[in-house]
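Undergrad: Below is one structure. I have some questions about it.
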Amino acid sequence: MTLKQLKKQFYSQLEGRYPTEEIQSFFSILSEHFLNYSRIDTVLKAEERVLDEQLRYFEDALLRLVRHEPVQYITGGTEFYGLPFFVNASTLIPRPETEELVEWIIEDHCETSLASPCVLDIGTGSGVIAISIAKYLQKAKVDAIDISVNALAVARENACRNEVDVLFSEVDVLQARQLSKKYDIIVSNPPYVRELEKVKMKQNVLAYEPDDALFVSDQDPLMFYRKIGELAKTHLTDGGSLYFEINEYLSTEMKKLLEELEFSEIKIKKDIFGKDRMMHCVCYG
């Protein structure tokens, strides 16, 4: 089978399940992963025959895409903030809005007067936030915690891959009474999707990404934010910063919660789609 024929097969089997642009993206990602071909290569080498062994990889990937498995889990990797990361079923696939959160933190602190700011990432998952901060705020001392042993194994592998030092620890933040030390920056992208919002979500997310990293009960959707906020009040340095990724529908409730916890300078930031997605506040005293 030629590369051109293989591409046609992808379109015929995935048409109706995904938009055309997404199918093109899948084929490009898999061609780079299995053949080391760029998108231009797939055009220039369209008549080239695909080896049987390579063809088996593509056909297996196609079956998994038909079942709506995320392409990032098929290849075992993704890019975040210009860096390569391993991902698997124990970790969420990082989203663009999380990149925006990281960019906000880096922009705020790239010229900090602190010699080596201490940073904590709560609920680190694959480690994208902690590792990106460690990479681009090179004087920062970064810690990261998560309840999932499997996710932490992925995060440690990602730190090695990107050649940064991050101290990872297994911690259930909801049960934590204290943190290991004081921090200048605490950041978290905790579970925040309410059960009632599942009807709006795609099958590839519901069927494959870890529920415990995504969902919270409808009755108490801010449970993680409340607990993290309480810990931050006693474990942030004077003038220290707390950053959150948030549920776009709960920004008003989030602001009220942070006000009740007596944080100052509360800011809500929209993502590139105009949705309330990030918050920043400061702890004094």
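Going by the structure tokens order, chains are called A, B, ..., each with residues numbered from 1, while ligands are numbered from 1 in the order shown.
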Skip Pro221 of chain A itself and residues of its chain fewer than 6 positions away, then list as a list in words all residues within 10 Å of it, counting only C-alpha atoms.

TA: Pro191, Tyr192, Val193, Arg194, Glu195, Phe215, Asn247, Leu250 and Glu253 of chain A

Undergrad: Emit the selected residues as a PDB file, in the first residue's frame, including N, CA and C atoms.

TA:
```pdb
ATOM      1  N   PRO A 191      -9.075  18.951  39.686  1.00  0.00           N
ATOM      2  CA  PRO A 191     -10.340  18.535  39.066  1.00  0.00           C
ATOM      3  C   PRO A 191     -11.404  19.619  39.270  1.00  0.00           C
ATOM      4  N   TYR A 192     -12.090  19.994  38.193  1.00  0.00           N
ATOM      5  CA  TYR A 192     -13.099  21.050  38.347  1.00  0.00           C
ATOM      6  C   TYR A 192     -14.337  20.873  37.468  1.00  0.00           C
ATOM      7  N   VAL A 193     -14.412  19.814  36.697  1.00  0.00           N
ATOM      8  CA  VAL A 193     -15.571  19.608  35.824  1.00  0.00           C
ATOM      9  C   VAL A 193     -16.678  18.944  36.628  1.00  0.00           C
ATOM     10  N   ARG A 194     -17.845  19.592  36.679  1.00  0.00           N
ATOM     11  CA  ARG A 194     -18.961  19.009  37.416  1.00  0.00           C
ATOM     12  C   ARG A 194     -19.561  17.819  36.661  1.00  0.00           C
ATOM     13  N   GLU A 195     -20.137  16.895  37.407  1.00  0.00           N
ATOM     14  CA  GLU A 195     -20.774  15.727  36.797  1.00  0.00           C
ATOM     15  C   GLU A 195     -21.821  16.148  35.767  1.00  0.00           C
ATOM     16  N   PHE A 215     -13.188  15.200  37.288  1.00  0.00           N
ATOM     17  CA  PHE A 215     -14.546  15.466  37.769  1.00  0.00           C
ATOM     18  C   PHE A 215     -14.637  15.688  39.273  1.00  0.00           C
ATOM     19  N   ASN A 247     -12.920  26.381  36.377  1.00  0.00           N
ATOM     20  CA  ASN A 247     -14.094  26.084  35.567  1.00  0.00           C
ATOM     21  C   ASN A 247     -14.666  27.403  35.041  1.00  0.00           C
ATOM     22  N   LEU A 250     -17.689  28.937  36.830  1.00  0.00           N
ATOM     23  CA  LEU A 250     -17.677  29.145  38.281  1.00  0.00           C
ATOM     24  C   LEU A 250     -16.728  30.256  38.716  1.00  0.00           C
ATOM     25  N   GLU A 253     -18.131  32.312  41.696  1.00  0.00           N
ATOM     26  CA  GLU A 253     -18.038  31.553  42.943  1.00  0.00           C
ATOM     27  C   GLU A 253     -16.594  31.449  43.431  1.00  0.00           C
TER      28      GLU A 253
END
```

Undergrad: Determine, for each residue of segment 173-259 of chain A having at least one atom at most 12 Å from an atom of segment 108-111 of chain A, the closest pair of atoms and their separation in Å to one decimal, counting only C-alpha atoms; order by chain and ascending number, as a Markdown table.

TA:
```
| residue | atom | partner | partner_atom | distance |
| --- | --- | --- | --- | --- |
| A:Asp184 | CA | A:His109 | CA | 10.3 |
| A:Ile185 | CA | A:His109 | CA | 9.4 |
| A:Gly240 | CA | A:His109 | CA | 11.1 |
| A:Ser241 | CA | A:Asp108 | CA | 9.8 |
| A:Leu242 | CA | A:Asp108 | CA | 11.9 |
| A:Tyr243 | CA | A:Asp108 | CA | 11.1 |
```

Undergrad: List the spatial neighbours of segment 203-207 of chain A as a PyMOL selection string - criterion: any atom at most 6 Å away, only C-alpha atoms, same-chain residues fewer than 3 positions off excluded.

TA: chain A and resi 68-70

Undergrad: Write out, as a compact mmCIF listing (two decimals), in the first residue's frame, the residues just selected, with C-alpha atoms.

TA:
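Dumped to selection_9.txt:
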```txt
# COMPACT_ATOMS: atom_id res chain seq x y z
CA HIS A 68 -12.18 7.51 19.91
CA GLU A 69 -8.95 6.89 21.80
CA PRO A 70 -6.93 10.14 21.95
```

Undergrad: Between atom CA of Lys4 of chain A and atom CA of Arg39 of chain A, what is the distance, to one decimal in Å?

TA: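 Straight-line distance from atom CA of Lys4 of chain A to atom CA of Arg39 of chain A works out to 12.5 Å.
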
Undergrad: Taking the chain letters and numbering used in this document, name the residues of segment 38-226 of chain A that DSSP puts in helix (DSSP H, G or I), as a ChimeraX atom specification.

TA: /A:39-44,52-66,71-75,96-109,128-136,149-161,195-200,203-208,211-213,223-226

Undergrad: Take the residues just selected and output them with C-alpha atoms as a PDB file, in the first residue's frame.

TA:
```
ATOM      1  CA  ARG A  39       3.469  16.973   6.702  1.00  0.00           C
ATOM      2  CA  ILE A  40       5.317  18.054   3.557  1.00  0.00           C
ATOM      3  CA  ASP A  41       6.956  14.616   3.339  1.00  0.00           C
ATOM      4  CA  THR A  42       3.546  12.933   3.266  1.00  0.00           C
ATOM      5  CA  VAL A  43       2.758  14.952   0.134  1.00  0.00           C
ATOM      6  CA  LEU A  44       6.127  14.590  -1.598  1.00  0.00           C
ATOM      7  CA  ASP A  52       4.231  -4.108   6.196  1.00  0.00           C
ATOM      8  CA  GLU A  53       5.503  -3.567   9.741  1.00  0.00           C
ATOM      9  CA  GLN A  54       4.810   0.173   9.536  1.00  0.00           C
ATOM     10  CA  LEU A  55       1.415  -0.534   8.014  1.00  0.00           C
ATOM     11  CA  ARG A  56       0.472  -2.665  11.015  1.00  0.00           C
ATOM     12  CA  TYR A  57       1.241   0.256  13.316  1.00  0.00           C
ATOM     13  CA  PHE A  58      -0.996   2.554  11.268  1.00  0.00           C
ATOM     14  CA  GLU A  59      -3.821   0.025  11.119  1.00  0.00           C
ATOM     15  CA  ASP A  60      -3.705  -0.494  14.888  1.00  0.00           C
ATOM     16  CA  ALA A  61      -3.749   3.287  15.395  1.00  0.00           C
ATOM     17  CA  LEU A  62      -6.698   3.584  13.020  1.00  0.00           C
ATOM     18  CA  LEU A  63      -8.716   1.041  15.001  1.00  0.00           C
ATOM     19  CA  ARG A  64      -7.971   2.917  18.200  1.00  0.00           C
ATOM     20  CA  LEU A  65      -9.039   6.216  16.608  1.00  0.00           C
ATOM     21  CA  VAL A  66     -12.284   4.596  15.459  1.00  0.00           C
ATOM     22  CA  VAL A  71      -4.076  10.203  19.451  1.00  0.00           C
ATOM     23  CA  GLN A  72      -1.744  11.370  22.245  1.00  0.00           C
ATOM     24  CA  TYR A  73      -2.259   8.066  24.048  1.00  0.00           C
ATOM     25  CA  ILE A  74      -1.623   6.176  20.814  1.00  0.00           C
ATOM     26  CA  THR A  75       1.738   7.880  20.263  1.00  0.00           C
ATOM     27  CA  PRO A  96      -3.999  24.978  25.559  1.00  0.00           C
ATOM     28  CA  GLU A  97      -5.549  26.908  28.450  1.00  0.00           C
ATOM     29  CA  THR A  98      -3.035  25.292  30.811  1.00  0.00           C
ATOM     30  CA  GLU A  99      -0.255  26.615  28.579  1.00  0.00           C
ATOM     31  CA  GLU A 100      -1.771  30.063  29.020  1.00  0.00           C
ATOM     32  CA  LEU A 101      -1.691  29.617  32.800  1.00  0.00           C
ATOM     33  CA  VAL A 102       1.992  28.655  32.668  1.00  0.00           C
ATOM     34  CA  GLU A 103       2.741  31.640  30.432  1.00  0.00           C
ATOM     35  CA  TRP A 104       1.015  33.969  32.910  1.00  0.00           C
ATOM     36  CA  ILE A 105       3.136  32.656  35.781  1.00  0.00           C
ATOM     37  CA  ILE A 106       6.376  32.903  33.812  1.00  0.00           C
ATOM     38  CA  GLU A 107       5.604  36.431  32.610  1.00  0.00           C
ATOM     39  CA  ASP A 108       4.778  37.538  36.167  1.00  0.00           C
ATOM     40  CA  HIS A 109       7.960  36.110  37.654  1.00  0.00           C
ATOM     41  CA  VAL A 128       3.603  19.802  32.531  1.00  0.00           C
ATOM     42  CA  ILE A 129       3.129  22.848  34.764  1.00  0.00           C
ATOM     43  CA  ALA A 130       5.953  22.102  37.191  1.00  0.00           C
ATOM     44  CA  ILE A 131       8.418  21.076  34.481  1.00  0.00           C
ATOM     45  CA  SER A 132       7.655  24.057  32.230  1.00  0.00           C
ATOM     46  CA  ILE A 133       8.157  26.449  35.138  1.00  0.00           C
ATOM     47  CA  ALA A 134      11.409  24.716  36.089  1.00  0.00           C
ATOM     48  CA  LYS A 135      12.578  24.953  32.478  1.00  0.00           C
ATOM     49  CA  TYR A 136      11.785  28.608  31.892  1.00  0.00           C
ATOM     50  CA  VAL A 149       1.584   7.014  41.955  1.00  0.00           C
ATOM     51  CA  ASN A 150       1.217   6.191  38.247  1.00  0.00           C
ATOM     52  CA  ALA A 151       0.943   9.847  37.270  1.00  0.00           C
ATOM     53  CA  LEU A 152       4.007  10.683  39.366  1.00  0.00           C
ATOM     54  CA  ALA A 153       6.000   8.005  37.531  1.00  0.00           C
ATOM     55  CA  VAL A 154       5.129   9.711  34.242  1.00  0.00           C
ATOM     56  CA  ALA A 155       5.976  13.136  35.679  1.00  0.00           C
ATOM     57  CA  ARG A 156       9.398  11.962  36.848  1.00  0.00           C
ATOM     58  CA  GLU A 157      10.113  10.527  33.411  1.00  0.00           C
ATOM     59  CA  ASN A 158       9.091  13.839  31.855  1.00  0.00           C
ATOM     60  CA  ALA A 159      11.397  15.782  34.164  1.00  0.00           C
ATOM     61  CA  CYS A 160      14.316  13.591  33.066  1.00  0.00           C
ATOM     62  CA  ARG A 161      13.355  13.988  29.430  1.00  0.00           C
ATOM     63  CA  GLU A 195     -20.774  15.727  36.797  1.00  0.00           C
ATOM     64  CA  LEU A 196     -23.602  17.696  35.139  1.00  0.00           C
ATOM     65  CA  GLU A 197     -21.162  18.909  32.478  1.00  0.00           C
ATOM     66  CA  LYS A 198     -20.395  15.400  31.201  1.00  0.00           C
ATOM     67  CA  VAL A 199     -23.150  15.707  28.590  1.00  0.00           C
ATOM     68  CA  LYS A 200     -21.095  18.438  26.870  1.00  0.00           C
ATOM     69  CA  GLN A 203     -16.332  10.562  23.982  1.00  0.00           C
ATOM     70  CA  ASN A 204     -12.528  10.484  23.736  1.00  0.00           C
ATOM     71  CA  VAL A 205     -12.323  12.367  27.045  1.00  0.00           C
ATOM     72  CA  LEU A 206     -15.054  10.460  28.878  1.00  0.00           C
ATOM     73  CA  ALA A 207     -13.882   7.011  27.812  1.00  0.00           C
ATOM     74  CA  TYR A 208     -10.118   7.398  28.136  1.00  0.00           C
ATOM     75  CA  ASP A 211     -12.035  10.554  35.854  1.00  0.00           C
ATOM     76  CA  ASP A 212     -10.399  11.417  39.167  1.00  0.00           C
ATOM     77  CA  ALA A 213      -8.284  14.098  37.474  1.00  0.00           C
ATOM     78  CA  MET A 223     -13.749  21.345  47.186  1.00  0.00           C
ATOM     79  CA  PHE A 224     -10.175  21.274  45.847  1.00  0.00           C
ATOM     80  CA  TYR A 225      -9.934  25.054  45.543  1.00  0.00           C
ATOM     81  CA  ARG A 226     -11.158  25.545  49.106  1.00  0.00           C
TER      82      ARG A 226
END
```
